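Participant: Just dropping this structure here.
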Amino acid sequence: MQLFKNQVLKVYNSLSGKKEEFKPIKEGYVGMYVCGPTVYSNVHLGNCRTFMSFDMIFRYFKHLGFKVRYVRNITDAGHLENDADEGEDKIAKKAKLEQIEPMEVVQRYTVDFHETLQKFNFLPPSIEPTATGHIIEQIEIIKDIIAKGYGYEINGSVYFDVVKFNETNNYGKLSGRKLEDMIANTRELTAQSDKKNPQDFALWKKAEEQHIMRWPSPWGDGFPGWHLECTAMSTKYLGENFDIHGGGMDLKFPHHECEIAQAEASNGHAPVNYWLHANMLTLNGKKMSKSTDNNIYPNEIFSGDNNILSKAFAPSVVRFFMLQAHYTSILDLSNDALLASEKGYYRLMEAYKTLESLETGKSGSFDYKAWQQKCYAAMNDDFNTPILIAHLFDAAKQINLIKEGTETISETDKKFLQNTLDNFIFDVLGLESPTSKEGKSDTLSGVVHLLIELRNKARANKDFATSDQIRDELIALGIQLKDGKDGTTFSTS
């Protein structure tokens with residue numbers, strides 16, 4: 001069903017710095033590229049938030065009836081430790097530390113990446129290319145850039161000439177930086193550098209004797225520059241001009257800026273119409289960092305095996321938490337925030353479950369079609385999931401009023417409401433019900449929340465014998481209840 005014909009979607013384009021109406025290059029089709037992980041360690045939660053944002057965007061495009069080609073790459077070579085084209089390859093460094101082959105590192109952490117995203121109920125991308133699988137394409141682009149005067153080879157490495165490019169183009173237009181300011185604020189090149197200018201970046205790096213990952217090229221054995229990989233893979237599968245390029249806010253400069261320069265130098269025009277960037281995730285008000293021990297991995301949240309949170313949280317609860325903030329805003333993860341999201345998630349799921357058993361009658365006063373359009377309006381406003389979720393809770397409130405008998409609903413409205421909730425809760429937001437395939441931890445949370453509700457009702461009715469029995473039997477099972485001003489939470493031992 002081509003819903004997109006009746007919806008006007010606006011997205012925040014980082015390139016223009018404003019919201020723009022989304023108009024695909026080809027009607028009914030969307031080409032979207034998102035920078036994937038560098039697979040040298042377990043995927044961290046900040047990356048998961050970025051990929052979750054684009055999973056939600058992918059889902060909404062599909063819901064609207066677009067045919068979407070979603071390309072998300074795997075960086076398995078060429079990503080050096082810093083942006084100055086210096087240091088070791090991150091994967092090769094990990095391989096040396098663990099005394100294994102680099103491709104063993106790649107395999108191990110690619111598997112972890114996929115398993116983690118599957119727990120979060122991500123849809124797989126249409127294509128998931130690897131950098132090492134596209135060495136030939138990268139070499140061809142480098143040849144083209146050199147031929148057009150924007151690249152130069154020296155001592156087996158090839159660099160992109162940013163100053164030369166900026167004479168006829170605008171290097172810095174995505175990040176809002178001016179090359180003159182960058183030059184003024186840059187220290188002089190070291191004697192070891194082969195670059196003409198500090199702002200130049202590597203298209204191909206010569207592999208020194210100790211460098212494990214290397215490929216033959218017209219300039220000698222080496223490996224591709226990190227920025228070049230994405231240009232090669234995005235243009236191969238989406239064309240020289242495509243609709244959307246996404247990634248984390250931290251990639252805007254220099255990575256995405258360099259992608260634009262490479263593509264414009266090679267093809268003579270802008271590669272992407274809309275640049276979308278997801279913002280960062282903080283932990284307890286501070287930047288996530290291993291060095292300061294202010295860090296947590298997804299599986300540590302799901303298992304409860306960490307010293308930061310009071311209990312385990314199910315993947316759908318964490319997903320719900322992340323989608324309660326707009327993808328372009330900074331989101332802070334904390335124990336209290338997850339507890340609040342857990343309560344909200346189960347409240348929404350309980351209302352959805354209640355809807356199935358509601359008796360129908362005459363039409364009530366609630367305008368379901370107007371409510372549905374509010375849901376679409378939220379998503380059409382740059383994928384505003386927090387506003388969508390607020391509208392979903394409006395529906396949950398209405399369901400509870402019908403259950404209490406103060407409102408009624410017709411059979412037609414009930415089917416309409418159920419279909420709309422199915423679309424937005426499960427298809428667009430990608431949440432799973434507590435009793436779905438998500439796993440034992442989610443099912444356990446659902447059962448315990450039901451028992452907490454029964455205990456609260458018993459206490460309200462002054463049936464303290466039943467209330468104490470529920471608490472004591474849960475303790476015997478290793479589940480500790482904690483009553484607080486914001487309600488009752490639980491932890492497992």
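Starting from 1 in every chain, residues are counted up; chains themselves are A, B, ... following the order of the structure tokens, and ligands are numbered from 1 as listed.
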Where does DSSP see strand (DSSP E) in segment 54-255 of chain A, if you list the residues as a ChimeraX atom specification?

Facilitator: /A:67-72,151-154,157-160,201-206,222-224,242-248

Participant: Filtering to N, CA, C and O atoms, could you give me those residues as a compact mmCIF listing (two decimals), in the first residue's frame?

Facilitator:
```txt
# COMPACT_ATOMS: atom_id res chain seq x y z
N LYS A 67 9.82 1.22 -1.61
CA LYS A 67 10.77 0.14 -1.80
C LYS A 67 12.14 0.70 -1.42
O LYS A 67 12.61 1.66 -2.04
N VAL A 68 12.73 0.13 -0.39
CA VAL A 68 13.95 0.71 0.19
C VAL A 68 15.14 -0.20 -0.04
O VAL A 68 15.08 -1.39 0.22
N ARG A 69 16.23 0.38 -0.54
CA ARG A 69 17.52 -0.32 -0.54
C ARG A 69 18.36 0.34 0.55
O ARG A 69 18.83 1.45 0.41
N TYR A 70 18.52 -0.40 1.63
CA TYR A 70 19.25 0.09 2.80
C TYR A 70 20.61 -0.61 2.84
O TYR A 70 20.69 -1.82 3.01
N VAL A 71 21.66 0.18 2.67
CA VAL A 71 23.03 -0.34 2.66
C VAL A 71 23.74 0.11 3.94
O VAL A 71 23.80 1.30 4.23
N ARG A 72 24.21 -0.85 4.71
CA ARG A 72 24.98 -0.54 5.93
C ARG A 72 26.24 -1.40 5.90
O ARG A 72 26.19 -2.61 5.93
N GLY A 151 44.15 14.19 -6.56
CA GLY A 151 44.89 13.24 -5.75
C GLY A 151 46.35 13.20 -6.17
O GLY A 151 46.66 13.47 -7.33
N TYR A 152 47.24 12.89 -5.24
CA TYR A 152 48.66 12.79 -5.57
C TYR A 152 49.29 11.62 -4.82
O TYR A 152 48.91 11.30 -3.69
N GLU A 153 50.23 10.97 -5.51
CA GLU A 153 50.92 9.82 -4.93
C GLU A 153 52.31 10.23 -4.48
O GLU A 153 53.00 10.99 -5.17
N ILE A 154 52.72 9.76 -3.33
CA ILE A 154 54.07 10.03 -2.85
C ILE A 154 54.50 8.89 -1.93
O ILE A 154 53.76 8.51 -1.02
N SER A 157 51.98 6.09 -1.03
CA SER A 157 50.67 6.48 -0.48
C SER A 157 50.02 7.48 -1.42
O SER A 157 50.70 8.19 -2.16
N VAL A 158 48.70 7.55 -1.40
CA VAL A 158 47.97 8.51 -2.22
C VAL A 158 47.11 9.37 -1.30
O VAL A 158 46.41 8.85 -0.42
N TYR A 159 47.18 10.70 -1.50
CA TYR A 159 46.42 11.63 -0.66
C TYR A 159 45.47 12.48 -1.50
O TYR A 159 45.74 12.75 -2.68
N PHE A 160 44.41 12.90 -0.87
CA PHE A 160 43.44 13.80 -1.52
C PHE A 160 43.88 15.23 -1.26
O PHE A 160 44.12 15.61 -0.10
N PHE A 201 43.86 14.14 3.15
CA PHE A 201 43.59 12.85 3.81
C PHE A 201 43.94 11.71 2.87
O PHE A 201 44.00 11.86 1.65
N ALA A 202 44.17 10.54 3.46
CA ALA A 202 44.66 9.39 2.71
C ALA A 202 43.55 8.72 1.91
O ALA A 202 42.47 8.44 2.43
N LEU A 203 43.87 8.46 0.64
CA LEU A 203 43.02 7.61 -0.19
C LEU A 203 43.58 6.19 -0.19
O LEU A 203 42.83 5.21 -0.26
N TRP A 204 44.89 6.09 -0.12
CA TRP A 204 45.58 4.80 -0.06
C TRP A 204 46.84 4.97 0.77
O TRP A 204 47.57 5.95 0.61
N LYS A 205 47.07 4.05 1.70
CA LYS A 205 48.25 4.14 2.57
C LYS A 205 49.22 3.00 2.26
O LYS A 205 48.82 1.85 2.13
N LYS A 206 50.48 3.37 2.16
CA LYS A 206 51.52 2.36 1.96
C LYS A 206 51.57 1.46 3.20
O LYS A 206 51.54 1.95 4.34
N GLY A 222 49.49 -1.87 -0.06
CA GLY A 222 48.94 -0.93 0.91
C GLY A 222 47.53 -1.29 1.29
O GLY A 222 47.08 -2.43 1.12
N PHE A 223 46.81 -0.30 1.80
CA PHE A 223 45.43 -0.52 2.23
C PHE A 223 44.65 0.77 2.00
O PHE A 223 45.24 1.86 1.98
N PRO A 224 43.33 0.69 1.85
CA PRO A 224 42.55 1.88 1.51
C PRO A 224 42.34 2.82 2.69
O PRO A 224 42.38 2.40 3.85
N PHE A 242 22.34 9.51 -4.55
CA PHE A 242 21.29 8.75 -3.88
C PHE A 242 20.61 9.60 -2.81
O PHE A 242 21.01 10.74 -2.56
N ASP A 243 19.57 9.05 -2.20
CA ASP A 243 18.67 9.86 -1.37
C ASP A 243 19.25 10.24 -0.01
O ASP A 243 19.32 11.43 0.33
N ILE A 244 19.63 9.25 0.79
CA ILE A 244 19.96 9.50 2.20
C ILE A 244 21.29 8.86 2.57
O ILE A 244 21.56 7.70 2.22
N HIS A 245 22.11 9.62 3.28
CA HIS A 245 23.31 9.07 3.92
C HIS A 245 23.19 9.38 5.40
O HIS A 245 22.96 10.52 5.79
N GLY A 246 23.34 8.33 6.23
CA GLY A 246 23.21 8.51 7.67
C GLY A 246 24.42 8.03 8.43
O GLY A 246 25.30 7.34 7.90
N GLY A 247 24.44 8.39 9.70
CA GLY A 247 25.51 7.95 10.59
C GLY A 247 25.44 8.73 11.89
O GLY A 247 24.55 9.56 12.10
N GLY A 248 26.39 8.48 12.77
CA GLY A 248 26.46 9.20 14.03
C GLY A 248 26.95 10.63 13.83
O GLY A 248 27.67 10.92 12.87
```

Participant: Find the residues near segment 27-30 of chain A: any atom within 12 Å, counting only C-alpha atoms, skip ones fewer than 3 places away on the same chain, and give them as a ChimeraX atom specification.

Facilitator: /A:1-5,22-24,33,57-71,126,238-239,241-245,272-274

Participant: Could you pull out the helix (DSSP H, G or I) residues of segment 63-287 of chain A, going by DSSP on the backbone, and write them as number ranges by chain?

Facilitator: A: 63, 90-98, 102-119, 132-147, 162-166, 179-184, 226-238, 249-267

Participant: Which residues come within 12 Å of Glu407 of chain A, counting only C-alpha atoms, excluding same-chain residues fewer than 3 positions away, as a ChimeraX atom specification?

Facilitator: /A:358-366,397-404,410

Participant: Can you spit out the residues from that selection as a compact mmCIF listing (two decimals), in the first residue's frame, using all heavy atoms?

Facilitator:
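Saved the output as selection.txt:
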```txt
# COMPACT_ATOMS: atom_id res chain seq x y z
N LEU A 358 -11.65 -6.20 24.86
CA LEU A 358 -12.68 -5.18 25.08
C LEU A 358 -13.97 -5.56 24.37
O LEU A 358 -13.97 -5.99 23.22
CB LEU A 358 -12.20 -3.81 24.58
CG LEU A 358 -11.11 -3.08 25.35
CD1 LEU A 358 -10.84 -1.73 24.70
CD2 LEU A 358 -11.49 -2.89 26.81
N GLU A 359 -15.07 -5.36 25.08
CA GLU A 359 -16.38 -5.57 24.47
C GLU A 359 -16.74 -4.34 23.65
O GLU A 359 -16.44 -3.22 24.04
CB GLU A 359 -17.44 -5.82 25.55
CG GLU A 359 -17.25 -7.15 26.29
CD GLU A 359 -18.39 -7.42 27.26
OE1 GLU A 359 -19.37 -6.64 27.26
OE2 GLU A 359 -18.28 -8.40 28.01
N THR A 360 -17.35 -4.58 22.51
CA THR A 360 -17.72 -3.46 21.63
C THR A 360 -19.18 -3.07 21.83
O THR A 360 -19.99 -3.87 22.28
CB THR A 360 -17.48 -3.83 20.16
OG1 THR A 360 -18.22 -5.02 19.84
CG2 THR A 360 -16.01 -4.07 19.89
N GLY A 361 -19.44 -1.85 21.50
CA GLY A 361 -20.80 -1.33 21.63
C GLY A 361 -20.99 -0.18 20.66
O GLY A 361 -20.51 -0.22 19.54
N LYS A 362 -21.63 0.87 21.14
CA LYS A 362 -21.81 2.04 20.28
C LYS A 362 -20.51 2.85 20.22
O LYS A 362 -19.62 2.68 21.04
CB LYS A 362 -22.94 2.91 20.80
CG LYS A 362 -22.71 3.48 22.18
CD LYS A 362 -23.88 4.31 22.63
CE LYS A 362 -23.59 4.93 24.02
NZ LYS A 362 -24.70 5.78 24.48
N SER A 363 -20.42 3.72 19.25
CA SER A 363 -19.22 4.56 19.12
C SER A 363 -19.06 5.48 20.31
O SER A 363 -20.04 5.97 20.87
CB SER A 363 -19.31 5.39 17.83
OG SER A 363 -19.32 4.55 16.71
N GLY A 364 -17.81 5.70 20.71
CA GLY A 364 -17.53 6.61 21.80
C GLY A 364 -17.23 8.01 21.29
O GLY A 364 -17.45 8.32 20.12
N SER A 365 -16.66 8.84 22.16
CA SER A 365 -16.40 10.23 21.80
C SER A 365 -15.00 10.44 21.22
O SER A 365 -14.66 11.52 20.78
CB SER A 365 -16.56 11.12 23.05
OG SER A 365 -15.66 10.70 24.06
N PHE A 366 -14.19 9.38 21.21
CA PHE A 366 -12.80 9.50 20.76
C PHE A 366 -12.75 9.43 19.24
O PHE A 366 -13.32 8.52 18.62
CB PHE A 366 -11.96 8.37 21.37
CG PHE A 366 -10.48 8.56 21.24
CD1 PHE A 366 -9.79 9.44 22.05
CD2 PHE A 366 -9.74 7.83 20.30
CE1 PHE A 366 -8.42 9.60 21.94
CE2 PHE A 366 -8.37 7.97 20.18
CZ PHE A 366 -7.71 8.87 21.01
N LYS A 397 -4.70 5.28 27.28
CA LYS A 397 -5.62 5.89 28.25
C LYS A 397 -7.07 5.64 27.83
O LYS A 397 -7.93 5.30 28.66
CB LYS A 397 -5.34 7.39 28.35
CG LYS A 397 -6.23 8.11 29.35
CD LYS A 397 -5.89 9.60 29.39
CE LYS A 397 -6.80 10.35 30.36
NZ LYS A 397 -6.49 11.80 30.37
N GLN A 398 -7.34 5.78 26.53
CA GLN A 398 -8.69 5.55 26.02
C GLN A 398 -9.10 4.08 26.21
O GLN A 398 -10.25 3.80 26.59
CB GLN A 398 -8.74 5.92 24.53
CG GLN A 398 -10.11 5.80 23.89
CD GLN A 398 -11.11 6.79 24.44
OE1 GLN A 398 -10.75 7.79 25.07
NE2 GLN A 398 -12.38 6.52 24.23
N ILE A 399 -8.18 3.17 25.97
CA ILE A 399 -8.45 1.73 26.17
C ILE A 399 -8.84 1.46 27.61
O ILE A 399 -9.80 0.72 27.90
CB ILE A 399 -7.23 0.89 25.75
CG1 ILE A 399 -7.05 0.94 24.24
CG2 ILE A 399 -7.35 -0.55 26.23
CD1 ILE A 399 -5.72 0.41 23.74
N ASN A 400 -8.12 2.07 28.55
CA ASN A 400 -8.41 1.85 29.97
C ASN A 400 -9.77 2.45 30.36
O ASN A 400 -10.47 1.89 31.21
CB ASN A 400 -7.29 2.43 30.83
CG ASN A 400 -6.00 1.63 30.71
OD1 ASN A 400 -6.04 0.42 30.52
ND2 ASN A 400 -4.86 2.30 30.80
N LEU A 401 -10.13 3.56 29.73
CA LEU A 401 -11.45 4.15 30.00
C LEU A 401 -12.56 3.23 29.51
O LEU A 401 -13.61 3.08 30.17
CB LEU A 401 -11.57 5.52 29.33
CG LEU A 401 -10.73 6.66 29.91
CD1 LEU A 401 -10.84 7.90 29.03
CD2 LEU A 401 -11.17 6.99 31.34
N ILE A 402 -12.35 2.60 28.37
CA ILE A 402 -13.33 1.66 27.84
C ILE A 402 -13.42 0.43 28.75
O ILE A 402 -14.51 -0.07 29.04
CB ILE A 402 -12.95 1.24 26.40
CG1 ILE A 402 -12.97 2.45 25.47
CG2 ILE A 402 -13.89 0.15 25.88
CD1 ILE A 402 -12.30 2.21 24.12
N LYS A 403 -12.29 -0.03 29.23
CA LYS A 403 -12.26 -1.18 30.15
C LYS A 403 -13.03 -0.87 31.42
O LYS A 403 -13.74 -1.74 31.95
CB LYS A 403 -10.80 -1.52 30.47
CG LYS A 403 -10.63 -2.69 31.43
CD LYS A 403 -9.16 -2.89 31.78
CE LYS A 403 -9.00 -4.00 32.81
NZ LYS A 403 -7.57 -4.16 33.20
N GLU A 404 -12.89 0.37 31.90
CA GLU A 404 -13.58 0.77 33.15
C GLU A 404 -15.07 1.03 32.93
O GLU A 404 -15.82 1.18 33.90
CB GLU A 404 -12.91 2.03 33.71
CG GLU A 404 -11.49 1.79 34.21
CD GLU A 404 -10.73 3.09 34.43
OE1 GLU A 404 -11.36 4.18 34.28
OE2 GLU A 404 -9.53 3.03 34.73
N SER A 410 -16.86 1.02 19.09
CA SER A 410 -17.55 0.18 18.11
C SER A 410 -16.60 -0.89 17.60
O SER A 410 -15.37 -0.78 17.74
CB SER A 410 -18.07 1.02 16.94
OG SER A 410 -16.97 1.50 16.17
```

Participant: I want to know what sits within 10 Å of Glu257 of chain A, based on only C-alpha atoms, with residues of the same chain fewer than 2 positions away left out; could you give that as a CSV table (one decimal) with C-alpha atoms, in the first residue's frame?

Facilitator:
```csv
chain,number,residue,atom,x,y,z
A,170,ASN,CA,33.4,23.9,-0.8
A,171,TYR,CA,35.3,21.6,1.6
A,172,GLY,CA,33.6,21.9,5.0
A,173,LYS,CA,30.0,22.7,3.8
A,174,LEU,CA,28.5,19.7,5.8
A,175,SER,CA,30.2,20.6,9.1
A,176,GLY,CA,30.1,24.3,8.6
A,177,ARG,CA,33.9,24.7,8.8
A,227,HIS,CA,36.8,7.6,4.1
A,251,LEU,CA,31.2,11.1,11.7
A,252,LYS,CA,30.1,14.5,10.3
A,253,PHE,CA,33.7,15.7,10.3
A,254,PRO,CA,36.0,14.5,8.9
A,255,HIS,CA,34.5,11.3,7.7
A,259,GLU,CA,33.1,11.4,1.5
A,260,ILE,CA,31.5,14.4,-0.1
A,261,ALA,CA,34.8,15.7,-1.4
A,262,GLN,CA,35.8,12.3,-2.9
```

Participant: Kindly indicate which residue among A:Ala263, A:Ile135, A:Ala351, A:Val39 lies nearest to Glu104 of chain A, using only C-alpha atoms for the distances.

Facilitator: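 Among the listed residues, the smallest separation from Glu104 of chain A belongs to A:Val39.
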
Participant: Distance atom CA of Thr406 of chain A-atom CA of Tyr352 of chain A, one decimal place?

Facilitator: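 Those two atoms sit 18.1 Å apart.
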
Participant: To one decimal in Å, tell me the separation between atom CA of Arg214 of chain A and atom CA of Gly156 of chain A.

Facilitator: 12.4 Å

Participant: From the options A:Pro37, A:His256, A:Ile212, A:Glu432, which residue's atoms come nearest to Met103 of chain A, counting only C-alpha atoms?

Facilitator: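 Among the listed residues, A:Ile212 lies closest to Met103 of chain A.
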
Participant: Quick one: everything within 8 Å of Val163 of chain A, counting only C-alpha atoms, minus sequence neighbours fewer than 3 positions away in the same chain. Send it as a PyMOL selection string.

Facilitator: chain A and resi 166-167+179+197+199-200

Participant: Work out how far atom CA of Ser266 of chain A is from atom CA of Phe165 of chain A, in Å to one decimal.

Facilitator: 10.9 Å

Participant: Quick one: of A:Tyr40, A:His211, A:Gln7, A:Lys26, who's nearest to Gly87 of chain A, counting only C-alpha atoms?

Facilitator: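 Among the listed residues, the smallest separation from Gly87 of chain A belongs to A:His211.
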
Participant: Between A:Arg459, A:Ile452, A:Glu20, A:Asn267, which one has atoms that come closest to Leu474 of chain A, using only C-alpha atoms?

Facilitator: A:Ile452
